[in-house]
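> Pasting a structure here, questions to come.
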Amino acid sequence: MNAPKRWFSRSDSDIQKRYNQFEANNDGSTFIWLLQDEYSGDTFFECFGFYDGDDPTHGSVNYVNSTDAFSKGLAYIGDNKEVIMKGDNTTWLAEGVYRDSVRISSYAQYNTGLFILDLNHAPWGCGVWPAFWTLGSGTWPQTGEIDIIEGVHDNSHNQIAWHTQSGCYLNPNASFTGTVVQSNGVNNTNCDGTANSNSGCGITEWSRASYGPYFDQQGGGVFAMKWDENGIAIYSFYRVAVPKDIDEGSPTPSSWGIADAFLDPEYCDPISNFVNHSVIFDITFCGDWAGNSYATTTCPGTCAERLMDPSNFENASWSINSLKVYRKQTLNGQVNGASGMHRISSVLLASVAAAATWLML
């Protein structure tokens, strides 16, 4: 088991280059986001475990172990150091036989952070059900689940969801650009994972470039989750709209505009309801969502029939440039009326620099 690339800094000049602005909490206290872990390139898979058990969502999938994933070409590092994970797209199957695929989970666990995923390609296609999500340790859903990227078939809008213990709710009047997911015309605002057929509470993104073929045609993009005591916010940007501060490695979410989805801390405590979360990528087929919804789509035949032909899964793959996890570094002092970005003083920079060391562990 290896740790991801872990970064800390003590150089005042390094911080000055990366962080010439800082952010403020609701109480006026100030902070910046410092890179903690990076998952990318040749060491990516060293930081994840491969799951090879039954699919909890009852998909028609055979999750393979690391040995099989590498030998069958379902997980590898590409020529440009991109991380590839895919469902099998070479094997013809008899009807009823499950298709090989990959599900991985990070060894590291998190209890807040800013998670930024840079993608070239995300899976899609009839019968395909991918997800990029985080899951708490222990008994589901007591420690929470956050679905950051999820969809089925060739949908064009990403669906974000939270699954928790009882007592957590989505505020439909909070500030976000997406649309609350409904069941039978009623908003799904109860995040209790044991209610409403385990659907949790969810928001569908407004952008048709947030999932499926159109997202991939734009050259992919970036998804970000900001999780702290101020709530859980999800953002997505197709390639040409990725903020400069993300590309430069000094993310300032307060400059990104209104989030696509937001879980209000007044309605759901983002600390007590989400505990010890691992990062997960997977690709399943049919199952509780993609299988049950198949007949309502324009996809041909049945989901079981679709599963037989490998050519149907040419787009069932992840191509990842990096996943970066930033930690919140609190700075000294408060700023009255702070609600956005402010200049970092030399005193504040010195306090950060004195407390850290530039190391890659």
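Just remember, in the structure tokens the first chain shown is A, the second B, etc., residues are 1-based per chain, and ligands are 1-based in the order shown.
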Let's see if you can do this: from backbone DSSP, list all strand (DSSP E) residues in segment 186-359 of chain A, as number ranges by chain.
A: 186-187, 201-204, 221-228, 231-238, 261-263, 277-285, 317-334, 342-343, 359
> As a list in words, please: the residues near segment 87-99 of chain A (cut-off 6 Å, only C-alpha atoms, same-chain neighbours under 2 positions excluded).
Ser60, Val61, Asn62, Ser101, Met308, Asp309, Pro310, Ser311, Phe313, Glu314 and Ala316 of chain A
> Now that the selection is made, can you save its residues with C-alpha atoms as a PDB file, in the first residue's frame?

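The result, written out as result_6.pdb:
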ATOM      1  CA  SER A  60     -24.401  -7.113 -14.644  1.00  0.00           C
ATOM      2  CA  VAL A  61     -20.710  -6.653 -13.945  1.00  0.00           C
ATOM      3  CA  ASN A  62     -17.732  -8.732 -12.940  1.00  0.00           C
ATOM      4  CA  SER A 101     -14.974  -3.955 -15.405  1.00  0.00           C
ATOM      5  CA  MET A 308     -23.474  -9.038 -25.244  1.00  0.00           C
ATOM      6  CA  ASP A 309     -21.731  -6.992 -27.980  1.00  0.00           C
ATOM      7  CA  PRO A 310     -18.342  -5.513 -26.930  1.00  0.00           C
ATOM      8  CA  SER A 311     -18.534  -2.757 -29.535  1.00  0.00           C
ATOM      9  CA  PHE A 313     -18.749  -0.289 -24.803  1.00  0.00           C
ATOM     10  CA  GLU A 314     -16.156   1.658 -26.775  1.00  0.00           C
ATOM     11  CA  ALA A 316     -17.132   2.963 -21.294  1.00  0.00           C
TER      12      ALA A 316
END
> Would you compute the distance between atom CA of Ala209 of chain A and atom CA of Tyr169 of chain A? Give it in Å to one decimal.
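These atoms are spaced 27.5 Å apart.
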> Would you give me, as a list in words, the residues in segment 27-249 of chain A that DSSP reads as alpha helix (DSSP H)?
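Across segment 27-249 of chain A, those assigned alpha helix (DSSP H) are Ser66, Thr67, Asp68, Ala69, Phe70, Ser71, Gly212, Pro213, Tyr214, Phe215, Asp216, Gln217, Lys244, Asp245, Ile246 and Asp247 of chain A.
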> Write a file of the selected residues as a CSV table (one decimal), in the first residue's frame, keeping all heavy atoms.

chain,number,residue,atom,x,y,z
A,66,SER,N,-6.7,-6.5,-9.3
A,66,SER,CA,-5.7,-5.7,-10.0
A,66,SER,C,-4.9,-6.5,-11.0
A,66,SER,O,-4.6,-6.0,-12.1
A,66,SER,CB,-4.7,-5.1,-8.9
A,66,SER,OG,-4.1,-6.2,-8.2
A,67,THR,N,-4.6,-7.8,-10.7
A,67,THR,CA,-3.9,-8.6,-11.6
A,67,THR,C,-4.6,-8.8,-12.9
A,67,THR,O,-4.1,-8.6,-14.0
A,67,THR,CB,-3.6,-10.0,-11.0
A,67,THR,OG1,-2.8,-9.9,-9.8
A,67,THR,CG2,-2.8,-10.9,-12.0
A,68,ASP,N,-5.9,-9.1,-12.8
A,68,ASP,CA,-6.7,-9.3,-14.1
A,68,ASP,C,-6.9,-7.9,-14.8
A,68,ASP,O,-7.0,-7.9,-16.0
A,68,ASP,CB,-8.1,-9.9,-13.7
A,68,ASP,CG,-8.0,-11.4,-13.4
A,68,ASP,OD1,-6.9,-12.0,-13.7
A,68,ASP,OD2,-8.9,-11.9,-12.8
A,69,ALA,N,-7.1,-6.9,-14.0
A,69,ALA,CA,-7.4,-5.5,-14.6
A,69,ALA,C,-6.2,-5.1,-15.5
A,69,ALA,O,-6.3,-4.7,-16.6
A,69,ALA,CB,-7.6,-4.5,-13.5
A,70,PHE,N,-4.9,-5.3,-15.0
A,70,PHE,CA,-3.8,-5.0,-15.7
A,70,PHE,C,-3.5,-5.9,-16.9
A,70,PHE,O,-3.2,-5.5,-18.0
A,70,PHE,CB,-2.5,-4.9,-14.8
A,70,PHE,CG,-2.6,-3.9,-13.7
A,70,PHE,CD1,-2.2,-4.2,-12.4
A,70,PHE,CD2,-3.1,-2.6,-14.0
A,70,PHE,CE1,-2.3,-3.2,-11.4
A,70,PHE,CE2,-3.2,-1.6,-13.0
A,70,PHE,CZ,-2.8,-1.9,-11.7
A,71,SER,N,-3.7,-7.2,-16.7
A,71,SER,CA,-3.4,-8.2,-17.7
A,71,SER,C,-4.4,-8.1,-18.9
A,71,SER,O,-4.1,-8.4,-20.0
A,71,SER,CB,-3.3,-9.6,-17.2
A,71,SER,OG,-4.6,-10.0,-16.7
A,212,GLY,N,-21.6,12.6,-20.4
A,212,GLY,CA,-21.9,11.9,-21.7
A,212,GLY,C,-21.1,12.4,-22.9
A,212,GLY,O,-20.0,13.0,-22.7
A,213,PRO,N,-21.6,12.2,-24.1
A,213,PRO,CA,-20.8,12.4,-25.3
A,213,PRO,C,-20.4,13.9,-25.5
A,213,PRO,O,-19.4,14.2,-26.0
A,213,PRO,CB,-21.8,12.0,-26.4
A,213,PRO,CG,-23.1,11.9,-25.8
A,213,PRO,CD,-22.9,11.5,-24.4
A,214,TYR,N,-21.3,14.8,-25.1
A,214,TYR,CA,-21.0,16.2,-25.3
A,214,TYR,C,-19.8,16.7,-24.4
A,214,TYR,O,-19.0,17.4,-24.8
A,214,TYR,CB,-22.2,17.1,-25.0
A,214,TYR,CG,-22.0,18.5,-25.6
A,214,TYR,CD1,-22.0,18.7,-27.0
A,214,TYR,CD2,-21.9,19.6,-24.8
A,214,TYR,CE1,-21.8,20.0,-27.5
A,214,TYR,CE2,-21.7,20.9,-25.3
A,214,TYR,CZ,-21.7,21.1,-26.6
A,214,TYR,OH,-21.5,22.3,-27.1
A,215,PHE,N,-19.8,16.1,-23.1
A,215,PHE,CA,-18.7,16.4,-22.2
A,215,PHE,C,-17.4,15.9,-22.9
A,215,PHE,O,-16.3,16.7,-22.9
A,215,PHE,CB,-18.9,15.7,-20.9
A,215,PHE,CG,-17.7,15.9,-19.9
A,215,PHE,CD1,-17.4,17.0,-19.3
A,215,PHE,CD2,-16.8,14.8,-19.8
A,215,PHE,CE1,-16.3,17.1,-18.4
A,215,PHE,CE2,-15.8,14.9,-18.9
A,215,PHE,CZ,-15.5,16.0,-18.2
A,216,ASP,N,-17.4,14.7,-23.4
A,216,ASP,CA,-16.2,14.2,-24.0
A,216,ASP,C,-15.8,14.9,-25.3
A,216,ASP,O,-14.6,15.1,-25.6
A,216,ASP,CB,-16.4,12.7,-24.3
A,216,ASP,CG,-16.5,11.9,-23.0
A,216,ASP,OD1,-16.0,12.4,-22.0
A,216,ASP,OD2,-17.0,10.7,-23.1
A,217,GLN,N,-16.7,15.4,-26.1
A,217,GLN,CA,-16.5,16.1,-27.3
A,217,GLN,C,-15.8,17.5,-27.0
A,217,GLN,O,-15.1,18.0,-27.8
A,217,GLN,CB,-17.7,16.4,-28.1
A,217,GLN,CG,-18.3,15.1,-28.7
A,217,GLN,CD,-19.8,15.3,-29.2
A,217,GLN,OE1,-20.2,16.5,-29.3
A,217,GLN,NE2,-20.4,14.3,-29.5
A,244,LYS,N,-8.6,29.6,-14.4
A,244,LYS,CA,-7.1,29.7,-14.4
A,244,LYS,C,-6.5,29.3,-13.1
A,244,LYS,O,-5.4,28.6,-13.1
A,244,LYS,CB,-6.7,31.1,-14.8
A,244,LYS,CG,-5.2,31.4,-14.9
A,244,LYS,CD,-5.0,32.8,-15.3
A,244,LYS,CE,-3.5,33.1,-15.4
A,244,LYS,NZ,-3.2,34.5,-15.7
A,245,ASP,N,-7.1,29.6,-12.0
A,245,ASP,CA,-6.5,29.3,-10.7
A,245,ASP,C,-6.4,27.7,-10.5
A,245,ASP,O,-5.5,27.3,-9.8
A,245,ASP,CB,-7.3,29.9,-9.5
A,245,ASP,CG,-8.8,29.5,-9.5
A,245,ASP,OD1,-9.1,28.5,-8.9
A,245,ASP,OD2,-9.6,30.3,-10.1
A,246,ILE,N,-7.3,27.0,-11.1
A,246,ILE,CA,-7.2,25.5,-11.0
A,246,ILE,C,-6.0,25.0,-11.8
A,246,ILE,O,-5.2,24.2,-11.3
A,246,ILE,CB,-8.5,24.8,-11.5
A,246,ILE,CG1,-9.6,25.1,-10.5
A,246,ILE,CG2,-8.3,23.3,-11.7
A,246,ILE,CD1,-11.0,24.4,-11.0
A,247,ASP,N,-5.9,25.6,-13.0
A,247,ASP,CA,-4.7,25.2,-13.8
A,247,ASP,C,-3.4,25.6,-13.2
A,247,ASP,O,-2.4,24.9,-13.3
A,247,ASP,CB,-4.8,25.9,-15.2
A,247,ASP,CG,-5.9,25.2,-16.1
A,247,ASP,OD1,-6.2,24.0,-15.9
A,247,ASP,OD2,-6.4,25.9,-17.0
> Contacts of Thr112 of chain A at 8 Å or less, counting only C-alpha atoms, minus same-chain residues fewer than 6 places along, as a ChimeraX atom specification?
/A:226-228,271,327
> When you count only C-alpha atoms, which of these residues is closest to Gly53 of chain A: A:His277, A:Asn190, A:Gly28, A:Ile104?
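Nearest to Gly53 of chain A: A:Ile104.
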> Pick out the residues sitting within 9 Å of Tyr107 of chain A, and hand them over as a PyMOL selection string; count only C-alpha atoms, and ignore anything fewer than 3 positions along from it in its own chain.
chain A and resi 1-3+47-49+278-279
> Considering only C-alpha atoms, state which residue in the set A:Asn188, A:Asn230, A:Asn155, A:Ser236 is at the smallest distance from Val128 of chain A.
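Closest candidate: A:Asn155.
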> Using 10 Å as the limit and counting only C-alpha atoms, can you tabulate each residue of segment 221-295 of chain A that touches segment 20-25 of chain A, with its shortest atom-to-atom distance in Å and the two atoms involved, as a Markdown table?

| residue | atom | partner | partner_atom | distance |
| --- | --- | --- | --- | --- |
| A:Asp228 | CA | A:Asn25 | CA | 9.9 |
| A:Glu229 | CA | A:Asn25 | CA | 9.0 |
| A:Asn230 | CA | A:Asn25 | CA | 7.4 |
| A:Ser250 | CA | A:Asn20 | CA | 8.8 |
| A:Pro251 | CA | A:Phe22 | CA | 9.6 |
| A:Thr252 | CA | A:Glu23 | CA | 7.0 |
| A:Pro253 | CA | A:Glu23 | CA | 8.4 |
| A:Ser254 | CA | A:Glu23 | CA | 7.1 |
| A:Ser255 | CA | A:Glu23 | CA | 9.4 |
> Taking only C-alpha atoms into account, name the residue in A:Val83, A:Ala233, A:Ala241, A:Val181 that is nearest to Asn321 of chain A.
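That would be A:Val83, the residue with the smallest distance to Asn321 of chain A.
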> Restricting the calculation to only C-alpha atoms: of A:His153, A:Lys328, A:Arg103, A:Arg208, which residue gets closest to Gly178 of chain A?
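That would be A:Arg208, the residue with the smallest distance to Gly178 of chain A.
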> Give me the residues near segment 161-163 of chain A as an mmCIF file with C-alpha atoms, in the first residue's frame, where near means some atom within 12 Å (using only C-alpha atoms) and where sequence neighbours in that chain fewer than 6 positions away do not count.

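The new file part.cif reads:
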data_model
loop_
_atom_site.group_PDB
_atom_site.id
_atom_site.type_symbol
_atom_site.label_atom_id
_atom_site.label_comp_id
_atom_site.auth_asym_id
_atom_site.auth_seq_id
_atom_site.Cartn_x
_atom_site.Cartn_y
_atom_site.Cartn_z
ATOM 1 C CA ALA A 131 -19.551 6.954 -10.949
ATOM 2 C CA PHE A 132 -16.876 9.052 -9.265
ATOM 3 C CA TRP A 133 -17.813 9.231 -5.601
ATOM 4 C CA THR A 134 -16.703 9.147 -1.991
ATOM 5 C CA LEU A 135 -17.859 6.648 0.621
ATOM 6 C CA GLY A 136 -17.524 6.614 4.391
ATOM 7 C CA TRP A 140 -23.789 2.388 4.891
ATOM 8 C CA PRO A 141 -25.239 5.021 4.983
ATOM 9 C CA GLN A 142 -24.269 6.023 8.535
ATOM 10 C CA THR A 143 -21.000 7.676 7.471
ATOM 11 C CA GLY A 144 -22.314 9.061 4.210
ATOM 12 C CA GLU A 145 -21.856 8.819 0.462
ATOM 13 C CA ILE A 146 -21.262 11.684 -1.985
ATOM 14 C CA ASP A 147 -21.849 11.026 -5.692
ATOM 15 C CA ILE A 148 -19.872 13.644 -7.604
ATOM 16 C CA ILE A 149 -20.176 12.223 -11.138
ATOM 17 C CA GLU A 150 -22.935 9.763 -11.905
ATOM 18 C CA GLY A 151 -25.188 9.018 -14.827
ATOM 19 C CA TYR A 169 -31.923 17.257 4.217
ATOM 20 C CA LEU A 170 -31.234 19.175 1.014
ATOM 21 C CA GLY A 178 -28.854 22.685 -10.831
ATOM 22 C CA THR A 179 -32.337 21.219 -10.428
ATOM 23 C CA VAL A 180 -33.447 19.116 -7.469
ATOM 24 C CA VAL A 181 -34.082 15.503 -8.488
ATOM 25 C CA GLN A 182 -37.728 14.500 -8.171
ATOM 26 C CA ASN A 188 -36.028 14.387 -3.230
ATOM 27 C CA THR A 189 -34.808 16.507 -0.327
ATOM 28 C CA ASN A 190 -34.534 13.732 2.283
ATOM 29 C CA CYS A 191 -30.932 12.517 2.140
ATOM 30 C CA ASP A 192 -31.618 9.443 4.317
ATOM 31 C CA GLY A 193 -30.082 6.586 2.324
ATOM 32 C CA THR A 194 -32.661 4.109 3.630
ATOM 33 C CA ALA A 195 -35.625 6.181 2.392
ATOM 34 C CA ASN A 196 -37.118 6.645 -1.084
ATOM 35 C CA SER A 197 -35.663 3.409 -2.519
ATOM 36 C CA ASN A 198 -32.148 4.434 -1.400
ATOM 37 C CA SER A 199 -32.161 7.426 -3.762
ATOM 38 C CA GLY A 200 -30.884 9.965 -1.227
ATOM 39 C CA CYS A 201 -31.149 13.654 -2.106
ATOM 40 C CA GLY A 202 -29.888 14.804 -5.478
ATOM 41 C CA ILE A 203 -29.342 17.646 -7.927
ATOM 42 C CA THR A 204 -29.108 17.400 -11.714
ATOM 43 C CA GLU A 205 -26.602 19.772 -13.296
ATOM 44 C CA ILE A 232 -20.543 20.609 0.340
ATOM 45 C CA ALA A 233 -20.440 22.275 -3.088
ATOM 46 C CA ILE A 234 -19.952 20.597 -6.473
ATOM 47 C CA ASP A 260 -23.851 23.396 -9.590
ATOM 48 C CA ALA A 261 -25.009 21.672 -6.404
ATOM 49 C CA PHE A 262 -24.817 22.608 -2.740
ATOM 50 C CA LEU A 263 -25.635 20.883 0.551
ATOM 51 C CA ASP A 264 -26.512 23.576 3.091
ATOM 52 C CA CYS A 268 -27.248 18.793 6.962
ATOM 53 C CA PRO A 270 -21.256 18.188 6.544
ATOM 54 C CA ASN A 273 -22.767 13.030 8.434
ATOM 55 C CA PHE A 274 -19.703 12.319 6.275
#
> Restricting the calculation to only C-alpha atoms, which member of A:Asn120, A:Ser210, A:Ser175, A:Thr302 is positioned closest to Ile160 of chain A?
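Nearest to Ile160 of chain A: A:Ser210.
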> Using only C-alpha atoms, determine which residues lie at most 12 Å from Thr297 of chain A, disregarding the query and same-chain residues fewer than 2 positions distant; provide the list as a list in words.
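Those residues are Gly125, Cys126, Gly127, Val152, His153, Asp154, Asn155, Ala290, Gly291, Asn292, Ser293, Tyr294, Ala295, Cys299, Pro300, Gly301, Thr302 and Cys303 of chain A.
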> So that I have them on file, write out the residues from the current selection with all heavy atoms, as an mmCIF file, in the first residue's frame.

data_model
loop_
_atom_site.group_PDB
_atom_site.id
_atom_site.type_symbol
_atom_site.label_atom_id
_atom_site.label_comp_id
_atom_site.auth_asym_id
_atom_site.auth_seq_id
_atom_site.Cartn_x
_atom_site.Cartn_y
_atom_site.Cartn_z
ATOM 1 N N GLY A 125 -22.753 5.536 -22.403
ATOM 2 C CA GLY A 125 -23.257 4.595 -23.399
ATOM 3 C C GLY A 125 -24.471 3.849 -22.879
ATOM 4 O O GLY A 125 -24.687 3.746 -21.665
ATOM 5 N N CYS A 126 -25.272 3.327 -23.769
ATOM 6 C CA CYS A 126 -26.465 2.583 -23.377
ATOM 7 C C CYS A 126 -26.082 1.415 -22.469
ATOM 8 O O CYS A 126 -25.206 0.621 -22.796
ATOM 9 C CB CYS A 126 -27.183 2.048 -24.622
ATOM 10 S SG CYS A 126 -27.987 3.325 -25.610
ATOM 11 N N GLY A 127 -26.733 1.340 -21.317
ATOM 12 C CA GLY A 127 -26.464 0.281 -20.362
ATOM 13 C C GLY A 127 -25.284 0.545 -19.443
ATOM 14 O O GLY A 127 -25.008 -0.251 -18.553
ATOM 15 N N VAL A 152 -26.313 7.568 -16.378
ATOM 16 C CA VAL A 152 -26.552 6.316 -17.089
ATOM 17 C C VAL A 152 -26.787 6.600 -18.564
ATOM 18 O O VAL A 152 -27.166 7.707 -18.960
ATOM 19 C CB VAL A 152 -27.760 5.547 -16.514
ATOM 20 C CG1 VAL A 152 -27.467 5.038 -15.109
ATOM 21 C CG2 VAL A 152 -29.019 6.414 -16.505
ATOM 22 N N HIS A 153 -26.525 5.569 -19.373
ATOM 23 C CA HIS A 153 -26.788 5.613 -20.811
ATOM 24 C C HIS A 153 -26.019 6.770 -21.465
ATOM 25 O O HIS A 153 -24.847 6.974 -21.166
ATOM 26 C CB HIS A 153 -28.299 5.689 -21.061
ATOM 27 C CG HIS A 153 -29.091 4.691 -20.260
ATOM 28 N ND1 HIS A 153 -28.794 3.339 -20.263
ATOM 29 C CD2 HIS A 153 -30.131 4.838 -19.396
ATOM 30 C CE1 HIS A 153 -29.634 2.697 -19.463
ATOM 31 N NE2 HIS A 153 -30.446 3.589 -18.917
ATOM 32 N N ASP A 154 -26.675 7.522 -22.328
ATOM 33 C CA ASP A 154 -26.006 8.660 -22.966
ATOM 34 C C ASP A 154 -26.625 9.976 -22.488
ATOM 35 O O ASP A 154 -26.765 10.937 -23.244
ATOM 36 C CB ASP A 154 -26.051 8.554 -24.491
ATOM 37 C CG ASP A 154 -27.469 8.410 -25.029
ATOM 38 O OD1 ASP A 154 -28.422 8.336 -24.216
ATOM 39 O OD2 ASP A 154 -27.626 8.362 -26.263
ATOM 40 N N ASN A 155 -27.005 10.005 -21.214
ATOM 41 C CA ASN A 155 -27.511 11.246 -20.628
ATOM 42 C C ASN A 155 -26.507 12.376 -20.839
ATOM 43 O O ASN A 155 -25.309 12.139 -20.974
ATOM 44 C CB ASN A 155 -27.762 11.080 -19.123
ATOM 45 C CG ASN A 155 -28.952 10.193 -18.817
ATOM 46 O OD1 ASN A 155 -29.622 9.728 -19.710
ATOM 47 N ND2 ASN A 155 -29.197 9.963 -17.528
ATOM 48 N N ALA A 290 -29.349 1.813 -14.295
ATOM 49 C CA ALA A 290 -29.260 1.692 -15.753
ATOM 50 C C ALA A 290 -30.157 0.576 -16.295
ATOM 51 O O ALA A 290 -30.696 0.687 -17.402
ATOM 52 C CB ALA A 290 -27.805 1.452 -16.168
ATOM 53 N N GLY A 291 -30.310 -0.491 -15.512
ATOM 54 C CA GLY A 291 -31.177 -1.581 -15.957
ATOM 55 C C GLY A 291 -32.645 -1.227 -15.852
ATOM 56 O O GLY A 291 -33.423 -1.426 -16.793
ATOM 57 N N ASN A 292 -33.042 -0.668 -14.719
ATOM 58 C CA ASN A 292 -34.450 -0.348 -14.499
ATOM 59 C C ASN A 292 -34.945 0.792 -15.369
ATOM 60 O O ASN A 292 -36.142 0.901 -15.638
ATOM 61 C CB ASN A 292 -34.686 -0.022 -13.020
ATOM 62 C CG ASN A 292 -34.529 -1.230 -12.121
ATOM 63 O OD1 ASN A 292 -34.658 -2.369 -12.583
ATOM 64 N ND2 ASN A 292 -34.240 -1.004 -10.850
ATOM 65 N N SER A 293 -34.028 1.659 -15.807
ATOM 66 C CA SER A 293 -34.438 2.797 -16.635
ATOM 67 C C SER A 293 -34.279 2.518 -18.133
ATOM 68 O O SER A 293 -34.659 3.357 -18.957
ATOM 69 C CB SER A 293 -33.601 4.035 -16.266
ATOM 70 O OG SER A 293 -32.226 3.828 -16.576
ATOM 71 N N TYR A 294 -33.723 1.375 -18.489
ATOM 72 C CA TYR A 294 -33.364 1.113 -19.885
ATOM 73 C C TYR A 294 -34.561 1.231 -20.824
ATOM 74 O O TYR A 294 -34.458 1.811 -21.913
ATOM 75 C CB TYR A 294 -32.729 -0.270 -20.005
ATOM 76 C CG TYR A 294 -31.993 -0.495 -21.309
ATOM 77 C CD1 TYR A 294 -30.640 -0.180 -21.423
ATOM 78 C CD2 TYR A 294 -32.641 -1.006 -22.435
ATOM 79 C CE1 TYR A 294 -29.955 -0.368 -22.610
ATOM 80 C CE2 TYR A 294 -31.971 -1.193 -23.629
ATOM 81 C CZ TYR A 294 -30.631 -0.877 -23.707
ATOM 82 O OH TYR A 294 -29.950 -1.059 -24.897
ATOM 83 N N ALA A 295 -35.707 0.695 -20.410
ATOM 84 C CA ALA A 295 -36.885 0.673 -21.281
ATOM 85 C C ALA A 295 -37.438 2.067 -21.542
ATOM 86 O O ALA A 295 -38.214 2.259 -22.500
ATOM 87 C CB ALA A 295 -37.967 -0.218 -20.673
ATOM 88 N N CYS A 299 -32.442 3.608 -26.252
ATOM 89 C CA CYS A 299 -31.470 2.548 -26.476
ATOM 90 C C CYS A 299 -32.157 1.310 -27.053
ATOM 91 O O CYS A 299 -33.281 0.974 -26.658
ATOM 92 C CB CYS A 299 -30.775 2.184 -25.157
ATOM 93 S SG CYS A 299 -29.751 3.505 -24.483
ATOM 94 N N PRO A 300 -31.510 0.603 -27.965
ATOM 95 C CA PRO A 300 -32.147 -0.534 -28.630
ATOM 96 C C PRO A 300 -32.208 -1.782 -27.755
ATOM 97 O O PRO A 300 -31.364 -1.996 -26.889
ATOM 98 C CB PRO A 300 -31.236 -0.778 -29.836
ATOM 99 C CG PRO A 300 -29.890 -0.297 -29.396
ATOM 100 C CD PRO A 300 -30.166 0.885 -28.508
ATOM 101 N N GLY A 301 -33.215 -2.631 -27.994
ATOM 102 C CA GLY A 301 -33.314 -3.919 -27.338
ATOM 103 C C GLY A 301 -33.459 -3.808 -25.832
ATOM 104 O O GLY A 301 -34.047 -2.862 -25.307
ATOM 105 N N THR A 302 -32.899 -4.789 -25.131
ATOM 106 C CA THR A 302 -32.896 -4.790 -23.679
ATOM 107 C C THR A 302 -31.480 -4.570 -23.169
ATOM 108 O O THR A 302 -30.506 -4.698 -23.913
ATOM 109 C CB THR A 302 -33.412 -6.130 -23.133
ATOM 110 O OG1 THR A 302 -32.481 -7.177 -23.473
ATOM 111 C CG2 THR A 302 -34.796 -6.466 -23.703
ATOM 112 N N CYS A 303 -31.352 -4.265 -21.882
ATOM 113 C CA CYS A 303 -30.025 -4.042 -21.331
ATOM 114 C C CYS A 303 -29.210 -5.333 -21.379
ATOM 115 O O CYS A 303 -28.006 -5.298 -21.656
ATOM 116 C CB CYS A 303 -30.128 -3.529 -19.892
ATOM 117 S SG CYS A 303 -28.671 -2.603 -19.337
#
> With only C-alpha atoms as the atoms that count, which of A:Ile77, A:Val275, A:Leu114, A:Ile280 lies nearest to Phe50 of chain A?
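Of A:Ile77, A:Val275, A:Leu114, A:Ile280, the one nearest Phe50 of chain A is A:Ile280, counting only C-alpha atoms.
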> Would you pick out the contacts of Phe237 of chain A at 9 Å or less, using only C-alpha atoms, so that residues sharing its chain but fewer than 3 positions from it are not included, and give the list as a ChimeraX atom specification?
/A:209-210,220-224,240-243
> By how many Å are atom CA of Glu266 of chain A and atom CA of Gly231 of chain A apart?
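About the pair atom CA of Glu266 of chain A and atom CA of Gly231 of chain A: they are 8.5 Å apart.
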